[in-house]
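*Asks:* Here you go, entry_18.cif (mmCIF, C-alpha atoms (C1' of nucleotides)):
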```
data_data
#
loop_
_atom_site.label_atom_id
_atom_site.label_comp_id
_atom_site.auth_asym_id
_atom_site.auth_seq_id
_atom_site.Cartn_x
_atom_site.Cartn_y
_atom_site.Cartn_z
CA MET A 290 -3.96 40.21 20.57
CA GLU A 291 -6.53 37.57 19.96
CA GLN A 292 -6.73 38.56 16.31
CA ARG A 293 -2.97 38.37 15.95
CA LEU A 294 -2.81 34.96 17.52
CA SER A 295 -5.52 33.81 15.19
CA VAL A 296 -3.55 35.02 12.18
CA LYS A 297 -0.45 33.32 13.50
CA GLU A 298 -2.43 30.19 13.96
CA GLN A 299 -3.80 30.43 10.47
CA LEU A 300 -0.31 30.86 9.05
CA ALA A 301 0.81 27.86 11.04
CA ARG A 302 -2.05 25.84 9.62
CA VAL A 303 -1.20 26.84 6.08
CA ARG A 304 2.40 25.92 6.67
CA GLU A 305 1.47 22.62 8.21
CA ASP A 306 -0.90 21.91 5.36
CA ALA A 307 1.88 22.53 2.85
CA ILE A 308 4.05 20.05 4.69
CA VAL A 309 1.37 17.39 4.93
CA SER A 310 0.45 17.82 1.27
CA ALA A 311 4.08 17.43 0.29
CA VAL A 312 4.41 14.29 2.39
CA ASN A 313 1.21 12.99 0.89
CA ARG A 314 2.45 13.36 -2.68
CA LEU A 315 5.85 11.90 -1.85
CA LEU A 316 4.39 8.91 -0.03
CA ALA A 317 2.13 8.30 -3.01
CA ARG A 318 5.02 8.64 -5.46
CA LYS A 319 7.86 6.77 -3.76
CA GLY A 320 6.57 5.23 -0.56
CA PHE A 321 7.80 5.74 2.99
CA GLU A 322 11.23 4.14 2.78
CA ALA A 323 12.30 5.86 -0.40
CA MET A 324 11.02 9.24 0.75
CA THR A 325 13.74 11.28 2.43
CA VAL A 326 13.19 14.22 4.76
CA ASP A 327 15.22 16.28 2.32
CA ASP A 328 12.64 15.42 -0.35
CA VAL A 329 9.89 16.67 1.93
CA ALA A 330 11.72 19.91 2.64
CA ALA A 331 12.25 20.51 -1.08
CA GLU A 332 8.67 19.63 -2.00
CA ALA A 333 7.22 21.76 0.79
CA GLY A 334 9.59 24.62 -0.05
CA MET A 335 11.13 25.06 3.38
CA ALA A 336 14.23 24.14 5.31
CA LYS A 337 14.60 20.76 6.89
CA GLY A 338 14.90 22.35 10.30
CA SER A 339 11.41 23.82 9.95
CA LEU A 340 9.99 20.36 9.47
CA TYR A 341 11.51 19.09 12.71
CA LYS A 342 10.09 22.15 14.44
CA ARG A 343 6.57 20.77 13.97
CA PHE A 344 7.09 17.05 13.47
CA GLU A 345 9.37 15.08 15.68
CA SER A 346 10.32 12.41 13.12
CA LYS A 347 9.89 11.11 9.61
CA GLU A 348 7.34 8.68 10.99
CA ALA A 349 5.31 11.55 12.47
CA LEU A 350 5.27 13.22 9.05
CA ALA A 351 3.89 10.08 7.46
CA ALA A 352 1.34 9.60 10.24
CA ALA A 353 0.05 13.13 9.74
CA ALA A 354 -0.43 12.50 6.03
CA MET A 355 -2.25 9.24 6.62
CA THR A 356 -4.43 10.83 9.28
CA ARG A 357 -5.42 13.61 6.90
CA VAL A 358 -6.47 11.13 4.22
CA LEU A 359 -8.67 9.37 6.75
CA GLU A 360 -10.22 12.72 7.68
CA GLN A 361 -10.92 13.47 4.05
CA ALA A 362 -12.51 10.06 3.64
CA LEU A 363 -14.66 10.67 6.71
CA SER A 364 -15.76 14.02 5.39
CA ARG A 365 -16.73 12.45 2.10
CA MET A 366 -18.60 9.69 3.88
CA GLU A 367 -20.52 12.15 6.02
CA GLN A 368 -21.66 13.96 2.89
CA GLN A 369 -22.78 10.65 1.46
CA ALA A 370 -24.59 9.69 4.64
CA ALA A 371 -26.58 12.94 4.48
CA ARG A 372 -28.04 12.03 1.09
CA GLN A 373 -31.42 10.37 1.19
CA GLY A 374 -32.47 7.20 -0.54
CA VAL A 375 -29.03 5.92 -1.36
CA ALA A 376 -28.52 2.21 -0.76
CA ALA A 377 -25.71 1.33 1.64
CA VAL A 378 -23.98 -0.74 -1.03
CA ASP A 379 -23.84 2.31 -3.28
CA GLN A 380 -22.36 4.36 -0.50
CA LEU A 381 -19.67 1.71 -0.11
CA ARG A 382 -19.09 1.77 -3.84
CA ASP A 383 -18.68 5.52 -3.66
CA VAL A 384 -16.03 5.29 -0.96
CA ALA A 385 -14.11 2.71 -2.98
CA ARG A 386 -14.35 4.94 -6.05
CA TRP A 387 -13.13 7.92 -4.10
CA SER A 388 -10.08 6.14 -2.74
CA MET A 389 -9.14 4.75 -6.15
CA GLN A 390 -9.48 8.20 -7.68
CA ALA A 391 -7.18 9.58 -5.01
CA LEU A 392 -4.78 6.74 -5.75
CA LEU A 393 -4.79 7.57 -9.46
CA ALA A 394 -4.36 11.25 -8.74
CA GLY A 395 -1.18 10.49 -6.80
CA GLU A 396 -2.75 11.69 -3.57
CA MET A 397 -3.01 8.45 -1.67
CA PRO A 398 -0.16 7.80 0.76
CA ILE A 399 0.60 4.13 0.48
CA LEU A 400 1.60 2.35 3.62
CA PRO A 401 4.34 -0.21 3.02
CA ALA A 402 3.67 -3.86 3.67
CA GLN A 403 5.04 -4.13 7.19
CA ASN A 404 7.63 -1.52 7.93
CA SER A 405 8.56 -1.83 11.56
CA THR A 406 9.28 1.79 12.48
CA LEU A 407 6.31 3.30 10.64
CA ARG A 408 3.95 0.60 11.76
CA SER A 409 4.76 0.90 15.42
CA SER A 410 4.63 4.67 15.13
CA LEU A 411 1.16 4.51 13.60
CA LEU A 412 -0.04 2.10 16.27
CA ALA A 413 1.10 4.60 18.89
CA ASP A 414 -0.64 7.55 17.24
CA LYS A 415 -4.00 8.02 18.97
CA THR A 416 -5.30 10.53 16.43
CA TYR A 417 -4.59 8.21 13.55
CA LEU A 418 -6.13 5.25 15.34
CA ASN A 419 -9.24 7.25 16.23
CA ARG A 420 -9.77 8.35 12.64
CA LEU A 421 -9.20 4.83 11.38
CA ASN A 422 -11.73 3.64 13.89
CA ASP A 423 -14.25 6.27 12.80
CA VAL A 424 -13.90 5.25 9.17
CA SER A 425 -14.13 1.56 10.02
CA GLU A 426 -17.24 2.04 12.13
CA LYS A 427 -19.10 3.98 9.49
CA LEU A 428 -18.16 1.49 6.79
CA GLY A 429 -19.11 -1.32 9.14
CA GLU A 430 -22.62 0.06 9.53
CA TRP A 431 -23.08 0.28 5.79
CA ILE A 432 -21.70 -3.21 5.30
CA ILE A 433 -24.15 -4.73 7.79
CA GLU A 434 -27.01 -2.85 6.18
CA ALA A 435 -26.01 -3.92 2.66
CA GLN A 436 -25.65 -7.51 3.76
CA GLY A 437 -29.06 -7.35 5.41
CA ARG A 438 -30.60 -6.27 2.12
CA GLY A 439 -28.76 -8.97 0.21
CA ASP A 440 -26.73 -6.43 -1.75
CA LEU A 441 -23.52 -7.84 -0.33
CA ASP A 442 -22.70 -11.51 0.04
CA GLN A 443 -23.78 -12.60 3.51
CA ARG A 444 -21.27 -15.41 3.81
CA THR A 445 -18.35 -13.00 3.87
CA PRO A 446 -17.66 -11.74 7.41
CA PRO A 447 -18.17 -7.96 7.65
CA GLU A 448 -14.55 -7.37 8.70
CA VAL A 449 -13.33 -9.15 5.61
CA VAL A 450 -15.52 -6.93 3.45
CA LEU A 451 -14.14 -3.95 5.34
CA TRP A 452 -10.54 -4.93 4.71
CA ALA A 453 -11.25 -5.58 1.06
CA LEU A 454 -12.66 -2.06 0.77
CA LEU A 455 -9.76 -0.49 2.64
CA ALA A 456 -7.36 -2.37 0.37
CA THR A 457 -8.66 -0.46 -2.64
CA ALA A 458 -6.58 2.45 -1.35
CA CYS A 459 -3.41 0.55 -2.21
CA ASP A 460 -4.62 -1.51 -5.15
CA PRO A 461 -1.52 -2.31 -7.23
CA VAL A 462 -3.56 -3.13 -10.34
CA VAL A 463 -4.69 0.48 -10.62
CA ALA A 464 -1.08 1.62 -10.90
CA VAL A 465 -0.25 -0.98 -13.54
CA MET A 466 -3.29 -0.05 -15.62
CA LYS A 467 -2.29 3.59 -15.35
CA THR A 468 1.29 3.02 -16.51
CA THR A 469 0.24 1.14 -19.63
CA GLY A 470 -1.52 4.29 -20.79
CA GLN A 471 -4.24 2.20 -22.43
CA TYR A 472 -7.02 3.31 -20.14
CA ASN A 473 -8.25 6.62 -18.80
CA ASP A 474 -8.70 7.11 -15.09
CA GLU A 475 -12.46 6.71 -15.17
CA ASP A 476 -12.29 3.38 -16.99
CA ILE A 477 -9.66 2.09 -14.60
CA VAL A 478 -11.79 2.90 -11.57
CA GLU A 479 -14.94 1.43 -13.07
CA MET A 480 -13.23 -1.79 -14.10
CA ARG A 481 -11.67 -2.31 -10.69
CA ILE A 482 -14.88 -1.47 -8.85
CA SER A 483 -16.76 -3.82 -11.12
CA THR A 484 -14.28 -6.62 -10.44
CA LEU A 485 -14.30 -5.93 -6.72
CA PHE A 486 -18.06 -6.15 -6.37
CA GLY A 487 -18.96 -8.46 -9.25
CA GLY A 488 -15.89 -10.70 -9.30
CA LEU A 489 -13.94 -12.10 -12.21
CA SER A 490 -16.39 -14.90 -12.91
CA GLY A 491 -18.69 -14.85 -15.91
CA ALA A 492 -22.28 -15.80 -16.59
CA ALA A 493 -21.62 -19.55 -16.68
CA SER A 494 -20.35 -19.54 -13.09
CA ARG A 495 -23.16 -17.51 -11.57
CA MET B 44 38.30 -33.56 -13.52
CA GLU B 45 34.76 -33.50 -14.79
CA GLN B 46 33.55 -35.17 -11.62
CA ARG B 47 35.38 -32.66 -9.49
CA LEU B 48 33.91 -29.74 -11.35
CA SER B 49 30.49 -31.24 -10.96
CA VAL B 50 30.85 -31.53 -7.21
CA LYS B 51 32.08 -27.97 -7.03
CA GLU B 52 29.19 -26.84 -9.12
CA GLN B 53 26.75 -28.72 -6.91
CA LEU B 54 28.21 -27.07 -3.83
CA ALA B 55 27.90 -23.71 -5.53
CA ARG B 56 24.27 -24.42 -6.35
CA VAL B 57 23.48 -25.44 -2.79
CA ARG B 58 25.11 -22.28 -1.52
CA GLU B 59 23.31 -20.14 -4.03
CA ASP B 60 20.03 -21.77 -3.10
CA ALA B 61 20.64 -21.00 0.56
CA ILE B 62 21.22 -17.37 -0.34
CA VAL B 63 18.13 -17.08 -2.51
CA SER B 64 15.98 -18.79 0.12
CA ALA B 65 17.23 -16.37 2.74
CA VAL B 66 16.51 -13.39 0.52
CA ASN B 67 13.08 -14.80 -0.20
CA ARG B 68 12.17 -15.06 3.48
CA LEU B 69 13.56 -11.62 4.28
CA LEU B 70 11.78 -9.95 1.37
CA ALA B 71 8.56 -11.57 2.51
CA ARG B 72 9.15 -10.51 6.12
CA LYS B 73 10.45 -6.95 5.80
CA GLY B 74 10.44 -5.96 2.14
CA PHE B 75 13.30 -4.78 -0.01
CA GLU B 76 14.08 -1.45 1.63
CA ALA B 77 14.16 -2.72 5.19
CA MET B 78 16.18 -5.80 4.29
CA THR B 79 19.90 -5.26 4.71
CA VAL B 80 22.64 -7.29 3.09
CA ASP B 81 23.88 -8.05 6.59
CA ASP B 82 20.47 -9.58 7.30
CA VAL B 83 20.86 -11.78 4.25
CA ALA B 84 24.32 -12.87 5.32
CA ALA B 85 23.09 -13.77 8.79
CA GLU B 86 20.00 -15.60 7.48
CA ALA B 87 22.01 -17.50 4.88
CA GLY B 88 24.76 -18.31 7.42
CA MET B 89 27.69 -16.82 5.56
CA ALA B 90 29.75 -13.67 5.36
CA LYS B 91 28.69 -10.64 3.38
CA GLY B 92 31.73 -10.91 1.15
CA SER B 93 30.58 -14.32 -0.01
CA LEU B 94 27.27 -12.88 -1.12
CA TYR B 95 28.97 -10.26 -3.26
CA LYS B 96 31.10 -12.99 -4.76
CA ARG B 97 28.00 -14.38 -6.50
CA PHE B 98 25.63 -11.40 -6.67
CA GLU B 99 26.81 -8.01 -7.72
CA SER B 100 24.33 -6.00 -5.71
CA LYS B 101 21.42 -6.05 -3.30
CA GLU B 102 19.11 -5.56 -6.27
CA ALA B 103 20.55 -8.65 -7.94
CA LEU B 104 19.81 -10.64 -4.78
CA ALA B 105 16.21 -9.54 -4.84
CA ALA B 106 15.89 -10.20 -8.56
CA ALA B 107 17.17 -13.74 -8.07
CA ALA B 108 14.55 -14.37 -5.40
CA MET B 109 11.74 -13.01 -7.53
CA THR B 110 12.92 -15.01 -10.53
CA ARG B 111 12.88 -18.18 -8.51
CA VAL B 112 9.31 -17.64 -7.38
CA LEU B 113 8.27 -17.18 -11.00
CA GLU B 114 10.03 -20.44 -11.85
CA GLN B 115 8.22 -22.22 -9.05
CA ALA B 116 4.93 -20.82 -10.29
CA LEU B 117 5.74 -21.99 -13.82
CA SER B 118 6.57 -25.46 -12.59
CA ARG B 119 3.28 -25.60 -10.71
CA MET B 120 1.41 -24.40 -13.77
CA GLU B 121 3.03 -26.97 -16.00
CA GLN B 122 1.94 -29.71 -13.62
CA GLN B 123 -1.57 -28.30 -13.76
CA ALA B 124 -1.51 -28.07 -17.54
CA ALA B 125 -0.64 -31.77 -17.75
CA ARG B 126 -3.81 -32.77 -15.93
CA GLN B 127 -6.70 -33.72 -18.15
CA GLY B 128 -10.24 -32.44 -17.98
CA VAL B 129 -9.58 -29.46 -15.75
CA ALA B 130 -11.35 -26.28 -16.78
CA ALA B 131 -9.11 -23.30 -17.47
CA VAL B 132 -10.88 -21.25 -14.82
CA ASP B 133 -10.02 -23.90 -12.24
CA GLN B 134 -6.39 -23.83 -13.29
CA LEU B 135 -6.41 -20.06 -12.78
CA ARG B 136 -8.00 -20.56 -9.39
CA ASP B 137 -5.26 -23.02 -8.52
CA VAL B 138 -2.52 -20.55 -9.38
CA ALA B 139 -4.18 -17.87 -7.28
CA ARG B 140 -4.48 -20.32 -4.40
CA TRP B 141 -0.86 -21.30 -4.72
CA SER B 142 0.42 -17.73 -4.61
CA MET B 143 -1.75 -16.88 -1.60
CA GLN B 144 -0.53 -19.94 0.22
CA ALA B 145 3.05 -18.90 -0.47
CA LEU B 146 2.19 -15.43 0.79
CA LEU B 147 0.74 -16.85 4.01
CA ALA B 148 3.74 -19.11 4.46
CA GLY B 149 6.06 -16.09 4.36
CA GLU B 150 7.64 -17.30 1.16
CA MET B 151 6.43 -14.67 -1.25
CA PRO B 152 8.92 -11.88 -1.91
CA ILE B 153 6.84 -8.74 -2.07
CA LEU B 154 7.90 -6.13 -4.56
CA PRO B 155 7.54 -2.64 -3.15
CA ALA B 156 5.13 -0.23 -4.83
CA GLN B 157 7.63 1.54 -7.03
CA ASN B 158 11.14 1.47 -5.73
CA SER B 159 13.35 3.10 -8.31
CA THR B 160 16.57 1.09 -7.91
CA LEU B 161 14.90 -2.31 -7.61
CA ARG B 162 12.43 -1.59 -10.38
CA SER B 163 15.01 -0.49 -12.89
CA SER B 164 17.17 -3.43 -11.90
CA LEU B 165 14.31 -5.85 -12.51
CA LEU B 166 13.49 -4.27 -15.86
CA ALA B 167 17.10 -4.80 -16.89
CA ASP B 168 17.13 -8.45 -15.81
CA LYS B 169 16.47 -10.58 -18.91
CA THR B 170 15.99 -13.78 -16.94
CA TYR B 171 13.40 -12.24 -14.71
CA LEU B 172 11.56 -10.66 -17.62
CA ASN B 173 11.56 -13.93 -19.54
CA ARG B 174 10.09 -15.84 -16.64
CA LEU B 175 7.49 -13.16 -16.04
CA ASN B 176 6.62 -13.38 -19.71
CA ASP B 177 6.33 -17.16 -19.56
CA VAL B 178 3.97 -16.95 -16.61
CA SER B 179 1.91 -14.22 -18.23
CA GLU B 180 1.60 -16.11 -21.51
CA LYS B 181 0.41 -19.30 -19.89
CA LEU B 182 -2.08 -17.45 -17.70
CA GLY B 183 -3.19 -15.46 -20.76
CA GLU B 184 -4.04 -18.66 -22.61
CA TRP B 185 -6.13 -19.93 -19.73
CA ILE B 186 -7.88 -16.59 -19.37
CA ILE B 187 -8.87 -16.51 -23.04
CA GLU B 188 -10.13 -20.06 -22.80
CA ALA B 189 -12.11 -19.41 -19.62
CA GLN B 190 -13.65 -16.29 -21.11
CA GLY B 191 -14.60 -18.25 -24.23
CA ARG B 192 -16.46 -20.74 -22.09
CA GLY B 193 -18.19 -18.01 -20.14
CA ASP B 194 -16.44 -19.00 -16.92
CA LEU B 195 -14.82 -15.58 -16.70
CA ASP B 196 -16.53 -12.28 -17.37
CA GLN B 197 -15.98 -11.41 -21.02
CA ARG B 198 -16.24 -7.66 -20.59
CA THR B 199 -13.05 -7.54 -18.55
CA PRO B 200 -9.99 -7.26 -20.82
CA PRO B 201 -7.71 -10.31 -20.47
CA GLU B 202 -4.77 -8.20 -19.32
CA VAL B 203 -6.85 -6.78 -16.51
CA VAL B 204 -7.78 -10.29 -15.40
CA LEU B 205 -4.09 -11.18 -15.59
CA TRP B 206 -3.05 -8.28 -13.38
CA ALA B 207 -5.80 -9.06 -10.90
CA LEU B 208 -4.46 -12.62 -10.64
CA LEU B 209 -0.84 -11.50 -10.31
CA ALA B 210 -1.90 -9.08 -7.59
CA THR B 211 -2.98 -11.97 -5.37
CA ALA B 212 0.73 -12.49 -4.71
CA CYS B 213 0.82 -9.25 -2.74
CA ASP B 214 -2.73 -9.15 -1.42
CA PRO B 215 -2.62 -7.02 1.74
CA VAL B 216 -5.91 -8.40 3.05
CA VAL B 217 -4.37 -11.83 3.47
CA ALA B 218 -1.77 -10.39 5.82
CA VAL B 219 -4.37 -8.53 7.88
CA MET B 220 -6.55 -11.62 8.22
CA LYS B 221 -3.50 -13.59 9.29
CA THR B 222 -2.49 -11.12 12.00
CA THR B 223 -5.92 -11.08 13.62
CA GLY B 224 -5.49 -14.77 14.34
CA GLN B 225 -9.21 -15.35 13.80
CA TYR B 226 -8.83 -17.45 10.69
CA ASN B 227 -6.70 -20.37 9.67
CA ASP B 228 -4.69 -20.23 6.48
CA GLU B 229 -7.08 -22.37 4.50
CA ASP B 230 -10.10 -20.21 5.36
CA ILE B 231 -8.20 -17.06 4.49
CA VAL B 232 -7.28 -18.37 1.07
CA GLU B 233 -10.76 -19.64 0.31
CA MET B 234 -12.43 -16.40 1.34
CA ARG B 235 -10.10 -14.28 -0.74
CA ILE B 236 -10.39 -16.57 -3.77
CA SER B 237 -14.13 -16.55 -3.40
CA THR B 238 -14.20 -12.74 -3.27
CA LEU B 239 -11.79 -12.44 -6.18
CA PHE B 240 -13.85 -14.63 -8.50
CA GLY B 241 -17.34 -14.13 -7.10
CA GLY B 242 -17.10 -10.54 -5.92
CA LEU B 243 -18.43 -8.87 -2.80
CA SER B 244 -21.98 -8.55 -4.14
CA GLY B 245 -24.81 -10.69 -2.85
CA ALA B 246 -27.79 -12.44 -4.38
CA ALA B 247 -29.87 -9.27 -4.75
CA SER B 248 -27.27 -7.66 -7.00
CA ARG B 249 -26.72 -10.59 -9.32
"C1'" DG C 198 24.42 23.18 7.86
"C1'" DT C 199 26.35 19.68 10.91
"C1'" DC C 200 26.57 15.37 13.27
"C1'" DT C 201 25.95 10.63 13.83
"C1'" DA C 202 24.38 6.19 12.62
"C1'" DT C 203 23.86 2.78 9.47
"C1'" DA C 204 24.02 0.38 5.06
"C1'" DT C 205 26.29 -0.89 0.78
"C1'" DG C 206 30.14 -2.52 -1.33
"C1'" DT C 207 35.51 -3.77 -1.07
"C1'" DC C 208 39.84 -5.86 0.07
"C1'" DG C 209 43.49 -8.05 2.30
"C1'" DA C 210 44.12 -11.89 5.56
"C1'" DT C 211 43.32 -16.66 6.24
"C1'" DA C 212 42.08 -21.37 6.24
"C1'" DG C 213 41.33 -25.53 3.92
"C1'" DA C 214 41.26 -28.64 -0.25
"C1'" DC C 215 43.91 -31.33 -3.41
"C1'" DG D 39 52.83 -26.02 -1.28
"C1'" DT D 40 49.76 -23.66 -4.09
"C1'" DC D 41 45.40 -22.06 -5.14
"C1'" DT D 42 40.82 -20.92 -4.38
"C1'" DA D 43 37.04 -19.42 -1.66
"C1'" DT D 44 35.46 -17.44 2.57
"C1'" DC D 45 35.54 -14.19 6.12
"C1'" DG D 46 34.93 -9.90 8.51
"C1'" DA D 47 36.89 -5.49 9.40
"C1'" DC D 48 37.00 -1.13 6.72
"C1'" DA D 49 35.87 2.76 3.45
"C1'" DT D 50 32.44 5.67 1.74
"C1'" DA D 51 28.07 7.59 1.00
"C1'" DT D 52 23.72 8.87 2.42
"C1'" DA D 53 19.80 9.75 5.43
"C1'" DG D 54 17.68 11.00 9.80
"C1'" DA D 55 17.85 14.19 13.59
"C1'" DC D 56 18.58 18.71 15.63
#
```
Can I see the file as structure tokens?

*Replies:*
Amino acid sequence: MEQRLSVKEQLARVREDAIVSAVNRLLARKGFEAMTVDDVAAEAGMAKGSLYKRFESKEALAAAAMTRVLEQALSRMEQQAARQGVAAVDQLRDVARWSMQALLAGEMPILPAQNSTLRSSLLADKTYLNRLNDVSEKLGEWIIEAQGRGDLDQRTPPEVVLWALLATACDPVVAVMKTTGQYNDEDIVEMRISTLFGGLSGAASR
Amino acid sequence: MEQRLSVKEQLARVREDAIVSAVNRLLARKGFEAMTVDDVAAEAGMAKGSLYKRFESKEALAAAAMTRVLEQALSRMEQQAARQGVAAVDQLRDVARWSMQALLAGEMPILPAQNSTLRSSLLADKTYLNRLNDVSEKLGEWIIEAQGRGDLDQRTPPEVVLWALLATACDPVVAVMKTTGQYNDEDIVEMRISTLFGGLSGAASR
DNA sequence: GTCTATATGTCGATAGAC
DNA sequence: GTCTATCGACATATAGAC
């Protein structure tokens, strides 16, 4: 009985993962507003009714996708934290790289500017908020450390650095560079990271 | 007869300006998808039918708003260009400041990530494309000049600098900083400009 | 697969200018 | 009195919810 339940649970997890992955891709491709529940059903390969069995609304679908991305980021950050002798600023750089790579791979659900229904739904989702808080706290530690060492500008408030890093996940320039076809993914990421940390200014302004 | 036509035309222009201003505010507030044509009618103080008399679709309304912002930017840039003895990099900084101020004032129509209907509509709008081209060309000149003087990093391709500057118009960090209420508009703009040009890195990494 | 709500786009009625 | 422009109710399609 216990074994059977476990299998059922595993199947449920696989199914749920298929849904969340589908939502993730669709959010990355078209954004929340343009994504329809029919799209999700088609992409996940199941009937619309099955979606509403597990998720109570379109907003809940999106929230699950965004929560999963935060969990993946956390997992990545914990791996990074375990490594020895890596400067905090390099750990921050790594997170920014990771999120831009996800963005380029079409796996980063982009949250629209200020959609009312999705936004209020996210603000009511404790799991999402907890994960966001976990990510922010870990990044915050690294930011303080990097500022202490002089690797990050000390005049910029830590929260502002944090938001700038989080914003890499929806950097519009990455998408433009991608669509021109002039640059490969690696170059795009490196150029944006370089601009983010080093700025646009040249030698004469330093 | 000529006088009468002129008055009529003036009235039409005033009306059209009211419409475009309303669209502008609504795009800034809720974005294209969430904005309804009924919203526009209410905000502009006229009936929906009157909107469709002058604009053939919701997309055309949005395109008109975006075109007008580009025209305002151009006008600002031409004023800047007329000033003597201003370094190109400072003119670029001024444009970035201007667009962020517009963003903070709720007057910057934000184009959604990649909405299919609006995007294809914009790409078919010659007026919009021409204005965008005008802005890009002028900025491109300044970028080349600033790079030549060493005021901008020469390893970053000019187009990438251009896109980074255009992206200030939809900088999500500005909105977050605004909503916290911790900073006034001027501080927000200066911090973001400073990060954009100077980067996040501190003295130890220079 | 069905239902309901809502959003875009249309059209006939109407009011006001000359 | 005619003509033009505005209004707002209506048709139609589509998307969320179950």

*Asks:* For this structure, which residues satisfy the selection - the PyMOL selection byres ((chain D and resi 41-50) around 7) - when it is evaluated on the file as given? I want them as a list in words.

*Replies:*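 Output from the PyMOL selection byres ((chain D and resi 41-50) around 7), applied to this file: Ala90 and Ser93 of chain B; DT40 and DA51 of chain D.
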
*Asks:* Which residues would end up in the selection if the PyMOL selection byres ((chain D) within 9 of (chain A)) were applied here, given that I need the answer as a PDB file with C-alpha atoms (C1' of nucleotides), in the frame of the given file?

*Replies:*
```
ATOM      1  C1'  DA D  53      19.800   9.750   5.430  1.00  0.00           C
ATOM      2  C1'  DG D  54      17.680  11.000   9.800  1.00  0.00           C
ATOM      3  C1'  DA D  55      17.850  14.190  13.590  1.00  0.00           C
ATOM      4  C1'  DC D  56      18.580  18.710  15.630  1.00  0.00           C
TER       5       DC D  56
END
```

*Asks:* On this structure, which residues satisfy the PyMOL selection byres ((chain B and resi 197-210) around 10), written as an MDAnalysis selection string?

*Replies:* (chainID A and resid 460:463 465:466 477 480:481 483:485 489:492) or (chainID B and resid 135:136 138:140 142:143 178:180 182:187 189:196 211:215 236 239:240)

*Asks:* Could I get the residues of chain C with an atom no further than 10 Å from an atom of chain B, each paired with its nearest atom pair and that distance in Å to one decimal, using all atoms listed in the file, sorted by chain and residue number, as CSV?

*Replies:*
```
residue,atom,partner,partner_atom,distance
C:DA204,C1',B:Thr79,CA,7.0
C:DT205,C1',B:Val80,CA,7.7
C:DG206,C1',B:Tyr95,CA,8.1
C:DT207,C1',B:Gly92,CA,8.4
C:DC208,C1',B:Gly92,CA,9.6
```

*Asks:* To one decimal place in Å, what is the distance between atom CA of Glu188 of chain B and atom CA of Val132 of chain B?

*Replies:* 8.1 Å

*Asks:* With only C-alpha atoms as the basis for distance, which of B:Ala108, B:Met89, B:Val83, B:Met120 is at the shortest distance from Arg58 of chain B?

*Replies:*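 For Arg58 of chain B, the nearest of the candidates is B:Met89.
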
*Asks:* Could you check how far atom CA of Ala323 of chain A sits from atom CA of Ser405 of chain A, in Å to one decimal?

*Replies:*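 So the two atoms, atom CA of Ala323 of chain A and atom CA of Ser405 of chain A, lie 14.7 Å apart.
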
*Asks:* Taking into account all atoms listed in the file, which residue in the set B:Arg162, B:Gln53, B:Thr110, B:Lys73 is nearest to chain A?

*Replies:* B:Lys73

*Asks:* Between B:Leu69, B:Ala87, B:Ala124, B:Ala107, which has the minimum distance to chain A (counting all atoms listed in the file)?

*Replies:*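 For chain A, the nearest of the candidates is B:Leu69.
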
*Asks:* Go through A:Leu393, A:Ala317, A:Met355, A:Ala349 and flag the residue nearest chain B, using all atoms listed in the file for the distances.

*Replies:*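 Of A:Leu393, A:Ala317, A:Met355, A:Ala349, the one nearest chain B, counting all atoms listed in the file, is A:Ala317.
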
*Asks:* Between atom CA of Glu367 of chain A and atom CA of Asp423 of chain A, measure the distance and give it in Å to one decimal.

*Replies:*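 Computing it gives 10.9 Å between the two atoms.
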
*Asks:* Between B:Glu59, B:Glu76, B:Glu52, B:Asp133, which residue has the minimum interatomic distance to chain A, considering all atoms listed in the file?

*Replies:* B:Glu76
